[in-house]
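Trainee: Take a look at this one; I'll ask things after.
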Amino acid sequence: MEEEIKQRLTSKDIWIRGLTMLFFGIAYSIAELVIFLVAVFQFLTILFTGRANEKALALGNNLSTYVYQVFQFQTFNTEERPFPFSDWPDEQVGENAWSGDSVDAGVVEEDPVIVEDDPIIIDQDPPGSDEERIE
């Protein structure tokens with residue numbers, strides 16, 4: 001058993017992975033700051049123009065995918081190392097309510113649903129009464 005531990009402690013691969021994890025911890029911190037700045041920029045853009053900046057949408061989408069890849073690597077869920085050891089994520093931005101032309105692009109208004117008054121039916125013979133219930 002001690003031999004196995006000694007072998008793991010001297011394994012070059014595990015120490016390289018540890019250094020790589022440290023590198024990606026720093027990369028995550030930088031990505032977190034950039035995501036915060038993109039979020040503030042998008043908020044101000046929507047506030048003043050009524051619509052999101054398409055390039056910032058793409059950057060935010062790709063950064064969030066990158067952070068997910070970093071987390072997957074950091075938690076040993078994958079051995080695939082994220083950028084710069086692999087390609088930068090280039091995900092397409094999906095449908096977005098904020099990329100419309102109106103000022104209220106993010107507000108979804110729906111027609112009111114009118115519900116007719118249904119009569120409330122009260123069970124006259126609740127369970128546990130003297131009469132037997134047949135189901």
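Residue numbers start at 1 in each chain; chains themselves are named A, B, ... in the order of the structure tokens; ligands are numbered from 1 in the order shown.
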Which residues come within 6 Å of stretch 12-24 of chain A, counting only C-alpha atoms, excluding same-chain residues fewer than 3 positions away, as a PyMOL selection string?

Mentor: chain A and resi 27-28+74

Trainee: Would you put the residues from that selection into a file with N, CA and C atoms, as a short mmCIF file (atom, residue, chain, number, x, y, z; two decimals), in the first residue's frame?

Mentor:
data_model
loop_
_atom_site.label_atom_id
_atom_site.label_comp_id
_atom_site.auth_asym_id
_atom_site.auth_seq_id
_atom_site.Cartn_x
_atom_site.Cartn_y
_atom_site.Cartn_z
N ALA A 27 -6.69 31.00 -15.03
CA ALA A 27 -7.46 31.31 -16.24
C ALA A 27 -8.93 31.53 -15.90
N TYR A 28 -9.47 30.73 -14.98
CA TYR A 28 -10.86 30.91 -14.56
C TYR A 28 -11.06 32.27 -13.91
N GLN A 74 -11.13 20.68 -14.03
CA GLN A 74 -10.71 20.86 -12.64
C GLN A 74 -11.29 19.79 -11.72
#

Trainee: Just the number, please: distance in Å from atom CA of A:Gln69 to atom CA of A:Trp98, one decimal.

Mentor: 25.9 Å

Trainee: Find the residues near A:Asn53: any atom within 12 Å, counting only C-alpha atoms, skip ones fewer than 6 places away on the same chain, and give them as a list of chain:residue names.

Mentor: A:Val38, A:Ala39, A:Val40, A:Phe41, A:Gln42, A:Phe43, A:Leu44, A:Thr45, A:Ile46, A:Leu47, A:Leu59, A:Gly60, A:Val93, A:Asn96, A:Trp98, A:Ser99, A:Gly100, A:Asp101

Trainee: Write the residues you've just listed into a file as a PDB file, in the first residue's frame, and include C-alpha atoms for each of them.

Mentor:
ATOM      1  CA  VAL A  38     -19.316  41.733 -20.384  1.00  0.00           C
ATOM      2  CA  ALA A  39     -22.406  41.541 -18.151  1.00  0.00           C
ATOM      3  CA  VAL A  40     -22.038  45.174 -17.071  1.00  0.00           C
ATOM      4  CA  PHE A  41     -21.423  46.231 -20.680  1.00  0.00           C
ATOM      5  CA  GLN A  42     -24.507  44.313 -21.866  1.00  0.00           C
ATOM      6  CA  PHE A  43     -26.647  45.842 -19.134  1.00  0.00           C
ATOM      7  CA  LEU A  44     -25.583  49.357 -20.098  1.00  0.00           C
ATOM      8  CA  THR A  45     -26.012  48.588 -23.795  1.00  0.00           C
ATOM      9  CA  ILE A  46     -29.554  47.318 -23.265  1.00  0.00           C
ATOM     10  CA  LEU A  47     -30.340  50.221 -20.956  1.00  0.00           C
ATOM     11  CA  LEU A  59     -18.227  36.479 -26.242  1.00  0.00           C
ATOM     12  CA  GLY A  60     -20.331  35.842 -23.143  1.00  0.00           C
ATOM     13  CA  VAL A  93     -25.765  32.216 -29.774  1.00  0.00           C
ATOM     14  CA  ASN A  96     -32.367  35.797 -27.435  1.00  0.00           C
ATOM     15  CA  TRP A  98     -32.729  40.949 -25.853  1.00  0.00           C
ATOM     16  CA  SER A  99     -31.488  41.033 -29.419  1.00  0.00           C
ATOM     17  CA  GLY A 100     -34.797  42.456 -30.712  1.00  0.00           C
ATOM     18  CA  ASP A 101     -35.374  46.020 -31.894  1.00  0.00           C
TER      19      ASP A 101
END

Trainee: So what do you get for atom CA of A:Glu95 versus atom CA of A:Gln72, distance-wise?

Mentor: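 Separating atom CA of A:Glu95 from atom CA of A:Gln72 is a distance of 25.8 Å.
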
Trainee: For the atom pair atom CA of A:Arg51 and atom CA of A:Asp90, what is the interatomic distance in Å to one decimal place?

Mentor: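 For atom CA of A:Arg51 relative to atom CA of A:Asp90, the distance reads 22.1 Å.
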
Trainee: Considering only C-alpha atoms, state which residue in the set A:Phe36, A:Tyr66, A:Phe76, A:Phe71 is at the smallest distance from A:Trp88.

Mentor: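 Between A:Phe36, A:Tyr66, A:Phe76, A:Phe71, the residue approaching A:Trp88 most closely is A:Tyr66.
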
Trainee: Please, which residues of stretch 43-96 of chain A, numbered as in this document, come out helix (DSSP H, G or I) from DSSP, as a ChimeraX atom specification?

Mentor: /A:43-49,54-74

Trainee: For the residues in the current selection, export N, CA and C atoms as a PDB file, in the first residue's frame.

Mentor:
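Output contents, as saved in part07.pdb:
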ATOM      1  N   PHE A  43     -25.595  45.137 -19.864  1.00  0.00           N
ATOM      2  CA  PHE A  43     -26.647  45.842 -19.134  1.00  0.00           C
ATOM      3  C   PHE A  43     -26.732  47.292 -19.594  1.00  0.00           C
ATOM      4  N   LEU A  44     -25.591  47.954 -19.675  1.00  0.00           N
ATOM      5  CA  LEU A  44     -25.583  49.357 -20.098  1.00  0.00           C
ATOM      6  C   LEU A  44     -26.025  49.496 -21.553  1.00  0.00           C
ATOM      7  N   THR A  45     -25.605  48.559 -22.395  1.00  0.00           N
ATOM      8  CA  THR A  45     -26.012  48.588 -23.795  1.00  0.00           C
ATOM      9  C   THR A  45     -27.522  48.449 -23.928  1.00  0.00           C
ATOM     10  N   ILE A  46     -28.101  47.509 -23.209  1.00  0.00           N
ATOM     11  CA  ILE A  46     -29.554  47.318 -23.265  1.00  0.00           C
ATOM     12  C   ILE A  46     -30.280  48.508 -22.663  1.00  0.00           C
ATOM     13  N   LEU A  47     -29.730  49.062 -21.606  1.00  0.00           N
ATOM     14  CA  LEU A  47     -30.340  50.221 -20.956  1.00  0.00           C
ATOM     15  C   LEU A  47     -30.434  51.401 -21.911  1.00  0.00           C
ATOM     16  N   PHE A  48     -29.382  51.631 -22.695  1.00  0.00           N
ATOM     17  CA  PHE A  48     -29.354  52.805 -23.561  1.00  0.00           C
ATOM     18  C   PHE A  48     -29.822  52.551 -24.982  1.00  0.00           C
ATOM     19  N   THR A  49     -29.726  51.322 -25.484  1.00  0.00           N
ATOM     20  CA  THR A  49     -30.117  51.067 -26.874  1.00  0.00           C
ATOM     21  C   THR A  49     -31.348  50.180 -26.994  1.00  0.00           C
ATOM     22  N   GLU A  54     -24.464  42.092 -30.196  1.00  0.00           N
ATOM     23  CA  GLU A  54     -24.316  40.729 -30.719  1.00  0.00           C
ATOM     24  C   GLU A  54     -22.923  40.142 -30.443  1.00  0.00           C
ATOM     25  N   LYS A  55     -21.886  40.954 -30.595  1.00  0.00           N
ATOM     26  CA  LYS A  55     -20.526  40.455 -30.362  1.00  0.00           C
ATOM     27  C   LYS A  55     -20.311  40.143 -28.885  1.00  0.00           C
ATOM     28  N   ALA A  56     -20.877  40.961 -28.007  1.00  0.00           N
ATOM     29  CA  ALA A  56     -20.759  40.696 -26.567  1.00  0.00           C
ATOM     30  C   ALA A  56     -21.576  39.458 -26.193  1.00  0.00           C
ATOM     31  N   LEU A  57     -22.718  39.229 -26.877  1.00  0.00           N
ATOM     32  CA  LEU A  57     -23.494  38.006 -26.644  1.00  0.00           C
ATOM     33  C   LEU A  57     -22.650  36.783 -26.981  1.00  0.00           C
ATOM     34  N   ALA A  58     -21.980  36.828 -28.132  1.00  0.00           N
ATOM     35  CA  ALA A  58     -21.153  35.700 -28.557  1.00  0.00           C
ATOM     36  C   ALA A  58     -19.981  35.497 -27.594  1.00  0.00           C
ATOM     37  N   LEU A  59     -19.341  36.593 -27.178  1.00  0.00           N
ATOM     38  CA  LEU A  59     -18.227  36.479 -26.242  1.00  0.00           C
ATOM     39  C   LEU A  59     -18.690  35.890 -24.914  1.00  0.00           C
ATOM     40  N   GLY A  60     -19.816  36.380 -24.398  1.00  0.00           N
ATOM     41  CA  GLY A  60     -20.331  35.842 -23.143  1.00  0.00           C
ATOM     42  C   GLY A  60     -20.698  34.374 -23.245  1.00  0.00           C
ATOM     43  N   ASN A  61     -21.278  33.999 -24.368  1.00  0.00           N
ATOM     44  CA  ASN A  61     -21.655  32.603 -24.586  1.00  0.00           C
ATOM     45  C   ASN A  61     -20.406  31.712 -24.636  1.00  0.00           C
ATOM     46  N   ASN A  62     -19.391  32.147 -25.378  1.00  0.00           N
ATOM     47  CA  ASN A  62     -18.168  31.356 -25.492  1.00  0.00           C
ATOM     48  C   ASN A  62     -17.384  31.322 -24.181  1.00  0.00           C
ATOM     49  N   LEU A  63     -17.379  32.430 -23.453  1.00  0.00           N
ATOM     50  CA  LEU A  63     -16.703  32.439 -22.157  1.00  0.00           C
ATOM     51  C   LEU A  63     -17.380  31.501 -21.166  1.00  0.00           C
ATOM     52  N   SER A  64     -18.713  31.479 -21.174  1.00  0.00           N
ATOM     53  CA  SER A  64     -19.401  30.585 -20.246  1.00  0.00           C
ATOM     54  C   SER A  64     -19.157  29.126 -20.613  1.00  0.00           C
ATOM     55  N   THR A  65     -19.063  28.823 -21.912  1.00  0.00           N
ATOM     56  CA  THR A  65     -18.717  27.469 -22.343  1.00  0.00           C
ATOM     57  C   THR A  65     -17.292  27.126 -21.917  1.00  0.00           C
ATOM     58  N   TYR A  66     -16.381  28.083 -22.050  1.00  0.00           N
ATOM     59  CA  TYR A  66     -14.992  27.878 -21.640  1.00  0.00           C
ATOM     60  C   TYR A  66     -14.896  27.606 -20.139  1.00  0.00           C
ATOM     61  N   VAL A  67     -15.610  28.395 -19.342  1.00  0.00           N
ATOM     62  CA  VAL A  67     -15.590  28.202 -17.891  1.00  0.00           C
ATOM     63  C   VAL A  67     -16.137  26.818 -17.542  1.00  0.00           C
ATOM     64  N   TYR A  68     -17.179  26.384 -18.242  1.00  0.00           N
ATOM     65  CA  TYR A  68     -17.716  25.033 -18.030  1.00  0.00           C
ATOM     66  C   TYR A  68     -16.648  23.977 -18.325  1.00  0.00           C
ATOM     67  N   GLN A  69     -15.916  24.164 -19.434  1.00  0.00           N
ATOM     68  CA  GLN A  69     -14.851  23.217 -19.779  1.00  0.00           C
ATOM     69  C   GLN A  69     -13.754  23.205 -18.708  1.00  0.00           C
ATOM     70  N   VAL A  70     -13.423  24.385 -18.181  1.00  0.00           N
ATOM     71  CA  VAL A  70     -12.422  24.468 -17.113  1.00  0.00           C
ATOM     72  C   VAL A  70     -12.908  23.709 -15.888  1.00  0.00           C
ATOM     73  N   PHE A  71     -14.169  23.922 -15.505  1.00  0.00           N
ATOM     74  CA  PHE A  71     -14.714  23.220 -14.340  1.00  0.00           C
ATOM     75  C   PHE A  71     -14.720  21.709 -14.545  1.00  0.00           C
ATOM     76  N   GLN A  72     -15.047  21.263 -15.741  1.00  0.00           N
ATOM     77  CA  GLN A  72     -15.043  19.833 -16.031  1.00  0.00           C
ATOM     78  C   GLN A  72     -13.637  19.262 -15.860  1.00  0.00           C
ATOM     79  N   PHE A  73     -12.636  19.995 -16.321  1.00  0.00           N
ATOM     80  CA  PHE A  73     -11.255  19.533 -16.175  1.00  0.00           C
ATOM     81  C   PHE A  73     -10.817  19.591 -14.710  1.00  0.00           C
ATOM     82  N   GLN A  74     -11.131  20.685 -14.033  1.00  0.00           N
ATOM     83  CA  GLN A  74     -10.711  20.859 -12.638  1.00  0.00           C
ATOM     84  C   GLN A  74     -11.294  19.788 -11.720  1.00  0.00           C
TER      85      GLN A  74
END
